[in-house]
Amino acid sequence: MPFEIDDTHDPNLESWVESANETDHDFPIQNLPIGRFEELDEDGDPTGDTRAAVAIGDEVVDLTMLWEAGLLEDLPLDLDEDESLDTIDLDLGSRLELRRILSSLLSAGADEEVQDSVRECFITEYTDMAITTPFDIGDYTDFYASVFHATNVGSMFRPDNPLLPNYKHIPIAYHGRASTVVVSGTDVRRPCGQTKADDAPAPSFGPCKLFDYELEVGAFVSPGSELGSRISIEEAEEHLFGICLVNDWSARDMQKWEYQPLGPFLAKSFATTISPWVVTMEALAPFRSPAMTRPAGDPSPLPHLYSRDNETTGGVDLTLEVHLASEQMRQKGLQPALLSRGTFRDMYWTLAQMLTHHTSNGCEMRDGDLIASGTVSGTTRESRGCLLELTWNGDPFADPKVVVPGTDRTPIELPTGEKRVFLADGDEVFIKGYCQRPGYRRIGFGECRGIVLPANE
């Protein structure tokens with residue numbers, strides 16, 4: 001594995017940015033996630049000028065300004081005056097060096113002159129900038145890598161054969177729509193589409209009635225690969241820049257009608273929300289875990305999808321949560337309600353296996369391409385990553401005495417007394433994630449959130 005634990009992960013390391021030292025802050029000095037912002041003009045409109053940044057506590061640091069101030073001189077870069085530092089273009093060695101430099105500049109041991117120079121690079125006026133997607137996303141692929149999610153969904157529609165024969169041999173995926181990947185905080189409009197009720201003689205067109213979220217993890221690719229080449233399982237980790245949180249919004253009634261025979265299309269392509277800060281693979285080094293242990297009798301991965309390193313450290317010990325606040329809850333000042341909590345350790349396929357499989361036919365990957373894990377679900381109801389599973393296909397009126405063992409068709413009840421089987425207009429969904437392990441500082445991922453707006457009919 002190319003990512004080792006070093007001095008930048010020291011749990012005793014503190015920053016002169018005091019907010020970074022707060023207990024349970026998502027962005028301590030041990031994290032240093034990478035993102036991007038867009039400058040705004042005097043009228044508050046985007047200028048089109050995007051610049052790379054790093055988050056530390058409550059502050060955002062402009063990396064290009066650090067470069068111009070001569071504080072990143074050890075990086076092998078040659079920027080023209082009108083160029084911004086683009087972290088996606090940095091090779092692995094340069095990214096490791098950038099992390100080391102940032103840790104040194106922001107640590108409590110930095111001298112006052114250095115601290116003053118770095119402060120000049122803070123973006124303190126959030127009204128003058130807008131956080132945007134971390135990279136320009138050329139392509140987006142969504143996997144289906146949780147065997148528990150796949151089994152639950154399969155049980156709803158194919159109770160006698162929940163998993164299709166290929167599931168435990170290859171990471172299943174579909175190609176998403178990069179043009180509709182939006183950054184956290186962007187409102188999401190309920191889609192319209194064609195649906196067909198089971199008892200209807202013909203389909204109809206209108207607003208989605210079964211609107212859902214999907215709790216997922218995304219990974220950005222860098223460096224990419226050439227057309228016709230493959231990324232081996234041994235090399236895959238070197239091609240992953242870092243990970244973020246993903247909400248792959250889903251129109252379940254549209255999906256049910258359209259997905260056969262070629263899979264998801266309009267039920268998925270209207271919006272996918274991602275968190276703005278990418279936690280690098282280097283920052284995740286202390287939180288790597290073994291890949292999921294396959295049950296006895298399951299097939300071993302084919303040789304091109306197996307390596308000893310991937311088996312022992314291919315997973316990520318990442319806790320994931322979904323919270324919901326209805327419009328009524330926000331009006332009353334109530335905190336979002338926790339809907340589920342799961343772990344990324346429960347994935348049947350690792351990120352390295354997903355990337356290796358993606359390129360196994362010679363598919364070209366480009367810098368900034370996004371791959372997502374698919375819904376992250378576990379073995380309990382509390383760890384299910386979407387409402388489809390939490391309310392078992394949205395049938396709250398079924399006799400609980402005849403429910404399939406382990407399922408629960410009870411609607412979600414919110415603190416206001418409101419009930420949810422699927423999302424209502426005005427609902428705000430929050431996805432959060434953090435890594436925590438004894439002997440290391442907890443690091444977080446920020447928020448991945450969005451409010452559901454009514455359909456444009």
# chains A, B, ... in the order shown; residues from 1 in each chain; ligands from 1
>>> select_by_dssp(residues="stretch 182-267 of chain A", states="strand (DSSP E or B)", output="CSV table (one decimal) with C-alpha atoms, in the first residue's frame")
chain,number,residue,atom,x,y,z
A,182,VAL,CA,-23.9,19.1,-7.7
A,183,VAL,CA,-22.1,20.3,-4.6
A,188,VAL,CA,-32.7,19.3,-5.7
A,189,ARG,CA,-36.0,19.4,-7.6
A,192,CYS,CA,-41.0,14.2,-13.5
A,193,GLY,CA,-41.1,11.0,-15.5
A,194,GLN,CA,-43.0,8.1,-16.7
A,195,THR,CA,-44.3,5.5,-14.2
A,204,SER,CA,-48.5,7.9,-17.2
A,205,PHE,CA,-46.2,11.0,-16.9
A,206,GLY,CA,-45.9,13.2,-13.9
A,207,PRO,CA,-44.0,14.0,-10.7
A,211,PHE,CA,-38.5,10.1,-4.0
A,212,ASP,CA,-35.5,8.7,-2.1
A,215,LEU,CA,-26.2,7.0,1.2
A,216,GLU,CA,-23.0,6.5,-0.7
A,217,VAL,CA,-19.2,7.2,-0.7
A,218,GLY,CA,-17.4,8.6,-3.8
A,219,ALA,CA,-13.8,8.4,-4.9
A,220,PHE,CA,-12.0,10.8,-7.3
A,221,VAL,CA,-9.6,9.3,-9.8
A,240,LEU,CA,-7.4,7.2,-6.1
A,241,PHE,CA,-7.0,10.9,-5.0
A,242,GLY,CA,-9.4,10.7,-2.1
A,243,ILE,CA,-13.0,10.2,-1.1
A,244,CYS,CA,-16.2,12.2,-0.4
A,245,LEU,CA,-19.8,11.7,0.6
A,246,VAL,CA,-22.5,11.1,-2.1
A,247,ASN,CA,-26.2,11.2,-2.2
A,250,SER,CA,-33.5,8.3,-6.8
A,251,ALA,CA,-37.0,8.2,-8.2
>>> closest_atom_pairs(of="stretch 291-322 of chain A", to="stretch 385-389 of chain A", cutoff="12 Å", atoms="only C-alpha atoms", output="tab-separated table")
residue	atom	partner	partner_atom	distance
A:Thr319	CA	A:Gly385	CA	12.0
A:Leu320	CA	A:Gly385	CA	9.0
A:Glu321	CA	A:Gly385	CA	8.5
A:Val322	CA	A:Gly385	CA	7.6
>>> closest_atom_pairs(of="stretch 80-186 of chain A", to="stretch 252-256 of chain A", cutoff="12 Å", atoms="only C-alpha atoms", output="JSON lines")
{"residue": "A:Val153", "atom": "CA", "partner": "A:Lys256", "partner_atom": "CA", "distance": 11.2}
{"residue": "A:Met156", "atom": "CA", "partner": "A:Lys256", "partner_atom": "CA", "distance": 11.4}
{"residue": "A:Phe157", "atom": "CA", "partner": "A:Lys256", "partner_atom": "CA", "distance": 9.6}
>>> closest_residue(among="A:Ile233, A:Gly109, A:Phe122, A:Pro454", to="A:Leu13", atoms="only C-alpha atoms")
A:Gly109
>>> select_by_dssp(residues="stretch 7-182 of chain A", states="alpha helix (DSSP H)", output="PyMOL selection string")
chain A and resi 63-68+92-106+112-119+147-157
>>> atom_distance(atom1="atom CA of A:Gly93", atom2="atom CA of A:Ile123")
26.9 Å
>>> atom_distance(atom1="atom CA of A:Leu98", atom2="atom CA of A:Leu72")
7.5 Å
>>> closest_residue(among="A:Tyr259, A:Phe135, A:Phe27, A:Trp67", to="A:Ile274", atoms="only C-alpha atoms")
A:Phe135
>>> residues_around(residues="stretch 51-60 of chain A", least_positions_apart="5", cutoff="8 Å", atoms="only C-alpha atoms", output="VMD selection string")
chain A and resid 17 to 21 25 to 29 31 to 38 84 to 87 122 to 124 134 277
>>> closest_residue(among="A:Ala197, A:Val278, A:Ile131, A:Leu318", to="A:Ser184", atoms="only C-alpha atoms")
A:Ile131
>>> residues_around(residues="A:Ile412", least_positions_apart="6", cutoff="9 Å", atoms="only C-alpha atoms", output="PyMOL selection string")
chain A and resi 339+387+390-391+418-422
>>> residues_around(residues="A:Ile451", least_positions_apart="4", cutoff="12 Å", atoms="only C-alpha atoms", output="PyMOL selection string")
chain A and resi 184-190+213+247+249+271+273+324-327+330+423-430
>>> atom_distance(atom1="atom CA of A:Thr272", atom2="atom CA of A:Asp248")
4.7 Å
>>> closest_residue(among="A:Glu282, A:Asp91, A:Glu97, A:Glu14", to="A:Glu73", atoms="only C-alpha atoms")
A:Glu97
>>> closest_residue(among="A:Thr64, A:Ser307, A:Gln30, A:Gln353", to="A:His239", atoms="only C-alpha atoms")
A:Gln353
>>> closest_residue(among="A:Pro303, A:Gly450, A:Pro223, A:Gly44", to="A:Ser360", atoms="only C-alpha atoms")
A:Pro303
>>> residues_around(residues="A:Glu39", least_positions_apart="6", cutoff="9 Å", atoms="only C-alpha atoms", output="list in words")
Asp45, Pro46, Thr47, Gly48, Asp49, Thr50, Arg51, Asp128, Met129, Ala130 and Ile131 of chain A
